[in-house]
Amino acid sequence: MTMNDGREIIILGSGSTAFAAALRAQAKGARPVMIEKSVLGGTCINWGCIPSKTLIHAALFRRQAELGERLGLGTRSELLPDFPLLDAHKFAVVNELRQSKYLNVLKTVPDLRLIKGNAVFLAADALKVGEQILKGDRFLIATGGYPRIPAIPGLERVPYLTSKSALLLKELPVSLTIIGGGVIALELGQMFLRLGVPVTVLEHGDSLLPAVEAEPAQALRETLEAEGMRIVTGVAVCSVSPHQGGVRVDARVGDEPAHFDSKQLLLAVGTSPASNGIGLEQAGVELDARGFVKVDRELRTSAPGIWAAGDVTGGMQIATVGAREGIAAIDNMLDEGCRCALDYQSIPMAIFTDPEVGTVGYTEEGARQAGFQVISHAIPASAIPKSHVTGALSGAVKIVAEEGSGRILGVHLCLHRGADIINEAALAIRCGMTVAQLAETIHVYPSMGEGLRLCAQGFRRDLERLSCCAE
């Protein structure tokens with residue numbers, strides 16, 4: 001039995017949330033202990049952000065080669081991808097970052113300890129890992145999540161992929177049906193499409209990306225359909241079954257029956273929390289109806305001495321957010337007067353399609369529900385001079401602001417390099433900038449980032465009456 005002297009902090013998990021928390025604890029003079037039953041580094045580094053974005057970026061090269069061929073650059077886009085070579089590159093990237101960002105850190109940071117095994121709470125102040133019992137008064141649950149498997153009749157009779165297993169494939173699918181129209185569905189769907197796989201996306205709702213403003217979401221849909229992706233919305237999946245060596249999805253689209261056939265099926269309908277089987281009921285930790293750990297704004301659970309952060313809490317399921325939540329939880333553990341909490345309205349997120357979707361702050365409807373009087377303006381990507389240079393004419397920029405003051409409340413965009421551009425918008429919101437101030441900020445010309453200034457100018461000026469470099 002290991003007794004805690006007050007300086008030990010026990011962390012369940014070893015992903016980006018857990019690691020950031022552990023390093024913060026060590027820097028503040030505590031002794032962090034991470035407990036991990038699987039691979040060090042969690043989802044992001046092993047079968048999430050890093051492998052997916054590596055393949056997505058590689059698929060972009062293929063798309064650019066096709067576009068270059070149209071401009072007379074003499075490329076040979078008809079050649080099939082060498083997927084084993086691409087897969088080896090993906091694993092090399094994953095292994096390098098796992099080694100440099102996790103394994104090497106574990107070896108070189110004093111007082112940072114890793115225990116391999118499955119942790120199960122026995123009470124709010126004790127848990128068991130194998131035959132070892134750890135007692136303490138400061139715990140952090142950072143166990144993350146895993147792909148949600150919906151209850152679809154017939155699913156037990158067909159092979160299917162998840163966001164995890166899809167990134168472990170050793171050969172490309174012949175054809176692919178994706179159930180879901182959210183972030184993972186569109187990122188992986190476009191990736192496979194660009195690698196030569198026919199892709200059909202089935203979304204239950206009326207539009208893709210229901211949490212994203214309509215203008216950028218619709219712009220992305222138009223782009224994906226123009227590339228050849230089949231997108232069907234308003235789909236109620238009834239069942240799945242084996243069909244001619246592949247999978248058939250039986251559904252209703254509106255009031256009409258329909259079926260969709262492909263060799264493989266990918267489920268991309270969200271994330272479930274890794275909260276089962278770790279004894280949270282014995283510890284007195286409350287869960288919500290979906291199984292996510294309930295926390296207050298300072299990341300405390302319902303059990304004294306236990307905090308939670310990252311995907312297991314069901315908030316913004318982004319690696320950087322989880323890491324910052326882990327840091328805030330540690331600060332609150334070690335300083336009762338800290339009352340540290342994140343300002344989620346200034347945190348940007350991106351969807352790594354092409355064009356990329358970026359969003360930060362309130363949506364238009366969300367701002368109204370929060371009590372603001374709202375004004376908004378949107379422009380198409382084609383209003384940005386750089387889009388004509390690159391040929392990336394698809395997309396949109398939308399700014400949501402407070403009426404009267406003009407304070408920027410939210411920015412939502414679908415643009416080439418949108419994941420980079422949204423960072424400027426996040427800074428503008430964090431600093432309390434107004435639409436007028438953004439409109440007066442000189443940007444590099446020509447650049448896609450200029451779209452923020454142009455959209456801000458559009459609140460009061462007719463963009464068609466401006467010259468290319470007019471301020």
# chains A, B, ... in the order shown; residues from 1 in each chain; ligands from 1

call {"tool": "residues_around", "arguments": {"residues": "Leu287 (chain A)", "least_positions_apart": "4", "cutoff": "12 Å", "atoms": "only C-alpha atoms", "output": "ChimeraX atom specification"}}
result
/A:273-276,279-281,283,291-295,301-303,308,312-314

call {"tool": "write_last_selection", "arguments": {"atoms": "N, CA and C atoms", "output": "short mmCIF file (atom, residue, chain, number, x, y, z; two decimals), in the first residue's frame"}}
result
data_model
loop_
_atom_site.label_atom_id
_atom_site.label_comp_id
_atom_site.auth_asym_id
_atom_site.auth_seq_id
_atom_site.Cartn_x
_atom_site.Cartn_y
_atom_site.Cartn_z
N PRO A 273 -17.55 8.37 -23.41
CA PRO A 273 -16.52 8.57 -22.38
C PRO A 273 -15.96 7.25 -21.87
N ALA A 274 -14.68 7.25 -21.57
CA ALA A 274 -14.05 6.09 -20.95
C ALA A 274 -14.25 6.18 -19.44
N SER A 275 -15.51 6.03 -19.03
CA SER A 275 -15.86 6.17 -17.61
C SER A 275 -16.36 4.88 -16.98
N ASN A 276 -16.58 3.85 -17.80
CA ASN A 276 -17.04 2.57 -17.26
C ASN A 276 -15.88 1.75 -16.73
N GLY A 279 -14.71 2.27 -11.38
CA GLY A 279 -15.19 2.40 -10.01
C GLY A 279 -15.69 3.76 -9.61
N LEU A 280 -16.20 4.53 -10.55
CA LEU A 280 -16.65 5.88 -10.21
C LEU A 280 -17.82 5.88 -9.25
N GLU A 281 -18.65 4.82 -9.33
CA GLU A 281 -19.77 4.75 -8.38
C GLU A 281 -19.28 4.56 -6.95
N ALA A 283 -16.53 5.69 -5.83
CA ALA A 283 -15.90 6.95 -5.42
C ALA A 283 -16.91 8.07 -5.22
N GLY A 291 -23.03 9.29 -19.65
CA GLY A 291 -21.87 8.66 -19.04
C GLY A 291 -20.66 9.54 -18.88
N PHE A 292 -20.77 10.83 -19.25
CA PHE A 292 -19.65 11.75 -19.05
C PHE A 292 -19.60 12.20 -17.60
N VAL A 293 -18.40 12.44 -17.11
CA VAL A 293 -18.20 12.86 -15.72
C VAL A 293 -18.67 14.30 -15.56
N LYS A 294 -19.53 14.55 -14.58
CA LYS A 294 -19.99 15.90 -14.29
C LYS A 294 -18.91 16.67 -13.53
N VAL A 295 -18.62 17.88 -13.99
CA VAL A 295 -17.66 18.74 -13.30
C VAL A 295 -18.23 20.14 -13.21
N THR A 301 -15.27 17.22 -9.51
CA THR A 301 -16.39 16.29 -9.63
C THR A 301 -17.24 16.40 -8.36
N SER A 302 -18.26 15.55 -8.27
CA SER A 302 -19.11 15.53 -7.09
C SER A 302 -18.43 14.91 -5.88
N ALA A 303 -17.30 14.24 -6.09
CA ALA A 303 -16.58 13.59 -4.99
C ALA A 303 -15.44 14.48 -4.51
N ALA A 308 -11.76 16.09 -12.80
CA ALA A 308 -11.79 15.43 -14.10
C ALA A 308 -11.58 16.45 -15.19
N VAL A 312 -13.35 12.93 -21.23
CA VAL A 312 -14.22 12.17 -20.33
C VAL A 312 -15.30 13.05 -19.71
N THR A 313 -15.14 14.38 -19.79
CA THR A 313 -16.14 15.29 -19.24
C THR A 313 -17.17 15.73 -20.28
N GLY A 314 -16.93 15.41 -21.55
CA GLY A 314 -17.91 15.70 -22.59
C GLY A 314 -17.96 17.14 -23.06
#

call {"tool": "residues_around", "arguments": {"residues": "region 319-326 of chain A", "least_positions_apart": "3", "cutoff": "7 Å", "atoms": "only C-alpha atoms", "output": "list in words"}}
result
Ser16, Thr17, Ala18, Ala20, Ala21, Cys44, Ala309, Gly310, Asp311, Met316, Ala329 and Ile330 of chain A

call {"tool": "residues_around", "arguments": {"residues": "region 148-162 of chain A", "least_positions_apart": "6", "cutoff": "6 Å", "atoms": "only C-alpha atoms", "output": "list in words"}}
result
Ser239, Val240, Ser241, Pro242, Leu265, Leu266, Leu267, Gly270, Thr271 and Ser272 of chain A

call {"tool": "closest_residue", "arguments": {"among": "A:Thr108, A:Ser262, A:Thr233, A:Gln26", "to": "Val174 (chain A)", "atoms": "only C-alpha atoms"}}
result
A:Ser262

call {"tool": "closest_residue", "arguments": {"among": "A:Ile347, A:Ile10, A:Ile421, A:Val39", "to": "Gln99 (chain A)", "atoms": "only C-alpha atoms"}}
result
A:Val39

call {"tool": "select_by_dssp", "arguments": {"residues": "region 159-284 of chain A", "states": "strand (DSSP E or B)", "output": "JSON list (two decimals) with C-alpha atoms, in the first residue's frame"}}
result
[["chain", "number", "residue", "atom", "x", "y", "z"],
["A", 161, "LEU", "CA", -14.74, 0.58, -38.97],
["A", 176, "LEU", "CA", -17.02, 3.29, -48.14],
["A", 177, "THR", "CA", -20.31, 4.33, -46.52],
["A", 178, "ILE", "CA", -19.99, 6.63, -43.51],
["A", 179, "ILE", "CA", -22.79, 6.94, -40.96],
["A", 199, "VAL", "CA", -17.44, 7.70, -50.38],
["A", 200, "THR", "CA", -21.08, 8.14, -49.31],
["A", 201, "VAL", "CA", -21.90, 10.13, -46.16],
["A", 202, "LEU", "CA", -25.24, 9.57, -44.39],
["A", 230, "ARG", "CA", -22.12, 11.59, -52.16],
["A", 231, "ILE", "CA", -23.84, 13.30, -49.22],
["A", 232, "VAL", "CA", -27.34, 12.40, -48.10],
["A", 235, "VAL", "CA", -31.31, 9.85, -43.18],
["A", 236, "ALA", "CA", -32.84, 7.54, -40.58],
["A", 237, "VAL", "CA", -30.73, 4.37, -40.52],
["A", 238, "CYS", "CA", -32.97, 1.32, -40.00],
["A", 239, "SER", "CA", -30.53, -1.61, -40.17],
["A", 240, "VAL", "CA", -27.35, -2.95, -41.71],
["A", 241, "SER", "CA", -26.71, -6.34, -43.27],
["A", 242, "PRO", "CA", -24.11, -8.27, -45.28],
["A", 243, "HIS", "CA", -24.50, -7.75, -49.03],
["A", 246, "GLY", "CA", -19.82, -5.87, -48.36],
["A", 247, "VAL", "CA", -22.38, -4.00, -46.29],
["A", 248, "ARG", "CA", -25.85, -2.71, -47.07],
["A", 249, "VAL", "CA", -27.38, 0.13, -45.04],
["A", 250, "ASP", "CA", -31.18, 0.15, -45.13],
["A", 251, "ALA", "CA", -32.63, 3.54, -44.27],
["A", 252, "ARG", "CA", -35.37, 6.04, -44.81],
["A", 253, "VAL", "CA", -34.66, 9.37, -46.44],
["A", 256, "GLU", "CA", -38.90, 7.11, -48.78],
["A", 257, "PRO", "CA", -37.03, 3.82, -48.19],
["A", 258, "ALA", "CA", -33.47, 3.70, -49.47],
["A", 259, "HIS", "CA", -30.42, 1.46, -49.29],
["A", 260, "PHE", "CA", -26.73, 2.19, -49.63],
["A", 261, "ASP", "CA", -24.19, -0.47, -50.61],
["A", 262, "SER", "CA", -20.41, -0.42, -50.15],
["A", 264, "GLN", "CA", -16.93, -1.20, -45.96],
["A", 265, "LEU", "CA", -18.84, 0.77, -43.34],
["A", 266, "LEU", "CA", -17.44, 3.51, -41.10],
["A", 267, "LEU", "CA", -19.27, 4.62, -37.96],
["A", 271, "THR", "CA", -17.37, 9.92, -28.76],
["A", 272, "SER", "CA", -18.30, 7.90, -25.68],
["A", 273, "PRO", "CA", -16.52, 8.57, -22.38]]

call {"tool": "atom_distance", "arguments": {"atom1": "CA of Ile45 (chain A)", "atom2": "CA of Asn95 (chain A)"}}
result
8.7 Å

call {"tool": "closest_residue", "arguments": {"among": "A:Leu409, A:Ala65, A:Ile35, A:Leu86", "to": "Val129 (chain A)", "atoms": "only C-alpha atoms"}}
result
A:Ile35

call {"tool": "residues_around", "arguments": {"residues": "region 110-112 of chain A", "least_positions_apart": "4", "cutoff": "9 Å", "atoms": "only C-alpha atoms", "output": "ChimeraX atom specification"}}
result
/A:22-23,26,30-34,105-106

call {"tool": "write_last_selection", "arguments": {"atoms": "C-alpha atoms", "output": "PDB file, in the first residue's frame"}}
result
ATOM      1  CA  ALA A  22       1.413  15.759 -14.714  1.00  0.00           C
ATOM      2  CA  LEU A  23       3.992  18.245 -15.975  1.00  0.00           C
ATOM      3  CA  GLN A  26       5.757  18.403 -11.193  1.00  0.00           C
ATOM      4  CA  ALA A  30       4.098  17.811  -6.465  1.00  0.00           C
ATOM      5  CA  ARG A  31       4.785  14.191  -7.428  1.00  0.00           C
ATOM      6  CA  PRO A  32       2.476  13.086 -10.246  1.00  0.00           C
ATOM      7  CA  VAL A  33       1.629   9.430 -10.792  1.00  0.00           C
ATOM      8  CA  MET A  34       0.010   8.520 -14.115  1.00  0.00           C
ATOM      9  CA  VAL A 105       9.712  13.335 -21.267  1.00  0.00           C
ATOM     10  CA  LEU A 106       8.766  10.488 -18.967  1.00  0.00           C
TER      11      LEU A 106
END

call {"tool": "atom_distance", "arguments": {"atom1": "CA of Glu222 (chain A)", "atom2": "CA of Tyr362 (chain A)"}}
result
24.0 Å

call {"tool": "closest_residue", "arguments": {"among": "A:Lys386, A:Arg461, A:Arg417, A:Arg430", "to": "Pro446 (chain A)", "atoms": "only C-alpha atoms"}}
result
A:Lys386

call {"tool": "select_by_dssp", "arguments": {"residues": "region 187-419 of chain A", "states": "alpha helix (DSSP H)", "output": "NGL selection string"}}
result
:A and (187-194 or 214-227 or 280-283 or 319-334 or 364-369 or 385-390 or 418-419)

call {"tool": "closest_residue", "arguments": {"among": "A:Leu195, A:Ile115, A:Asp255, A:Ile184", "to": "Lys128 (chain A)", "atoms": "only C-alpha atoms"}}
result
A:Ile115

call {"tool": "residues_around", "arguments": {"residues": "Leu452 (chain A)", "least_positions_apart": "2", "cutoff": "9 Å", "atoms": "only C-alpha atoms", "output": "MDAnalysis selection string"}}
result
chainID A and resid 397:399 411 421 424:425 438:439 448:450 454:457

call {"tool": "closest_residue", "arguments": {"among": "A:Glu364, A:Ser207, A:Glu298, A:Phe372", "to": "Asp343 (chain A)", "atoms": "only C-alpha atoms"}}
result
A:Glu298

call {"tool": "atom_distance", "arguments": {"atom1": "CA of Ile351 (chain A)", "atom2": "CA of Leu415 (chain A)"}}
result
10.7 Å

call {"tool": "residues_around", "arguments": {"residues": "Leu427 (chain A)", "least_positions_apart": "6", "cutoff": "10 Å", "atoms": "only C-alpha atoms", "output": "ChimeraX atom specification"}}
result
/A:346-348,360,433

call {"tool": "decode", "arguments": {"residues": "region 33-46 of chain A", "atoms": "N, CA and C atoms", "output": "mmCIF file, in the first residue's frame"}}
result
data_model
loop_
_atom_site.group_PDB
_atom_site.id
_atom_site.type_symbol
_atom_site.label_atom_id
_atom_site.label_comp_id
_atom_site.auth_asym_id
_atom_site.auth_seq_id
_atom_site.Cartn_x
_atom_site.Cartn_y
_atom_site.Cartn_z
ATOM 1 N N VAL A 33 1.623 10.842 -10.440
ATOM 2 C CA VAL A 33 1.629 9.430 -10.792
ATOM 3 C C VAL A 33 0.555 9.219 -11.852
ATOM 4 N N MET A 34 0.964 8.823 -13.053
ATOM 5 C CA MET A 34 0.010 8.520 -14.115
ATOM 6 C C MET A 34 -0.229 7.023 -14.185
ATOM 7 N N ILE A 35 -1.489 6.650 -14.390
ATOM 8 C CA ILE A 35 -1.848 5.236 -14.510
ATOM 9 C C ILE A 35 -2.436 5.024 -15.900
ATOM 10 N N GLU A 36 -1.859 4.094 -16.657
ATOM 11 C CA GLU A 36 -2.271 3.872 -18.044
ATOM 12 C C GLU A 36 -2.372 2.377 -18.323
ATOM 13 N N LYS A 37 -3.526 1.947 -18.847
ATOM 14 C CA LYS A 37 -3.713 0.530 -19.157
ATOM 15 C C LYS A 37 -3.367 0.198 -20.607
ATOM 16 N N SER A 38 -3.230 1.225 -21.461
ATOM 17 C CA SER A 38 -2.987 0.988 -22.882
ATOM 18 C C SER A 38 -1.673 1.630 -23.301
ATOM 19 N N VAL A 39 -1.665 2.226 -24.494
ATOM 20 C CA VAL A 39 -0.443 2.803 -25.046
ATOM 21 C C VAL A 39 -0.235 4.205 -24.502
ATOM 22 N N LEU A 40 0.987 4.518 -24.124
ATOM 23 C CA LEU A 40 1.314 5.846 -23.619
ATOM 24 C C LEU A 40 0.982 6.906 -24.665
ATOM 25 N N GLY A 41 0.345 7.981 -24.236
ATOM 26 C CA GLY A 41 0.056 9.091 -25.134
ATOM 27 C C GLY A 41 -1.406 9.252 -25.492
ATOM 28 N N GLY A 42 -2.214 8.235 -25.247
ATOM 29 C CA GLY A 42 -3.646 8.359 -25.475
ATOM 30 C C GLY A 42 -4.051 8.446 -26.936
ATOM 31 N N THR A 43 -5.269 8.914 -27.160
ATOM 32 C CA THR A 43 -5.880 8.906 -28.492
ATOM 33 C C THR A 43 -5.155 9.804 -29.478
ATOM 34 N N CYS A 44 -4.892 11.047 -29.110
ATOM 35 C CA CYS A 44 -4.417 12.037 -30.075
ATOM 36 C C CYS A 44 -3.156 11.584 -30.798
ATOM 37 N N ILE A 45 -2.176 11.151 -30.064
ATOM 38 C CA ILE A 45 -0.900 10.818 -30.678
ATOM 39 C C ILE A 45 -0.937 9.468 -31.385
ATOM 40 N N ASN A 46 -1.756 8.526 -30.890
ATOM 41 C CA ASN A 46 -1.698 7.147 -31.374
ATOM 42 C C ASN A 46 -2.709 6.830 -32.470
#
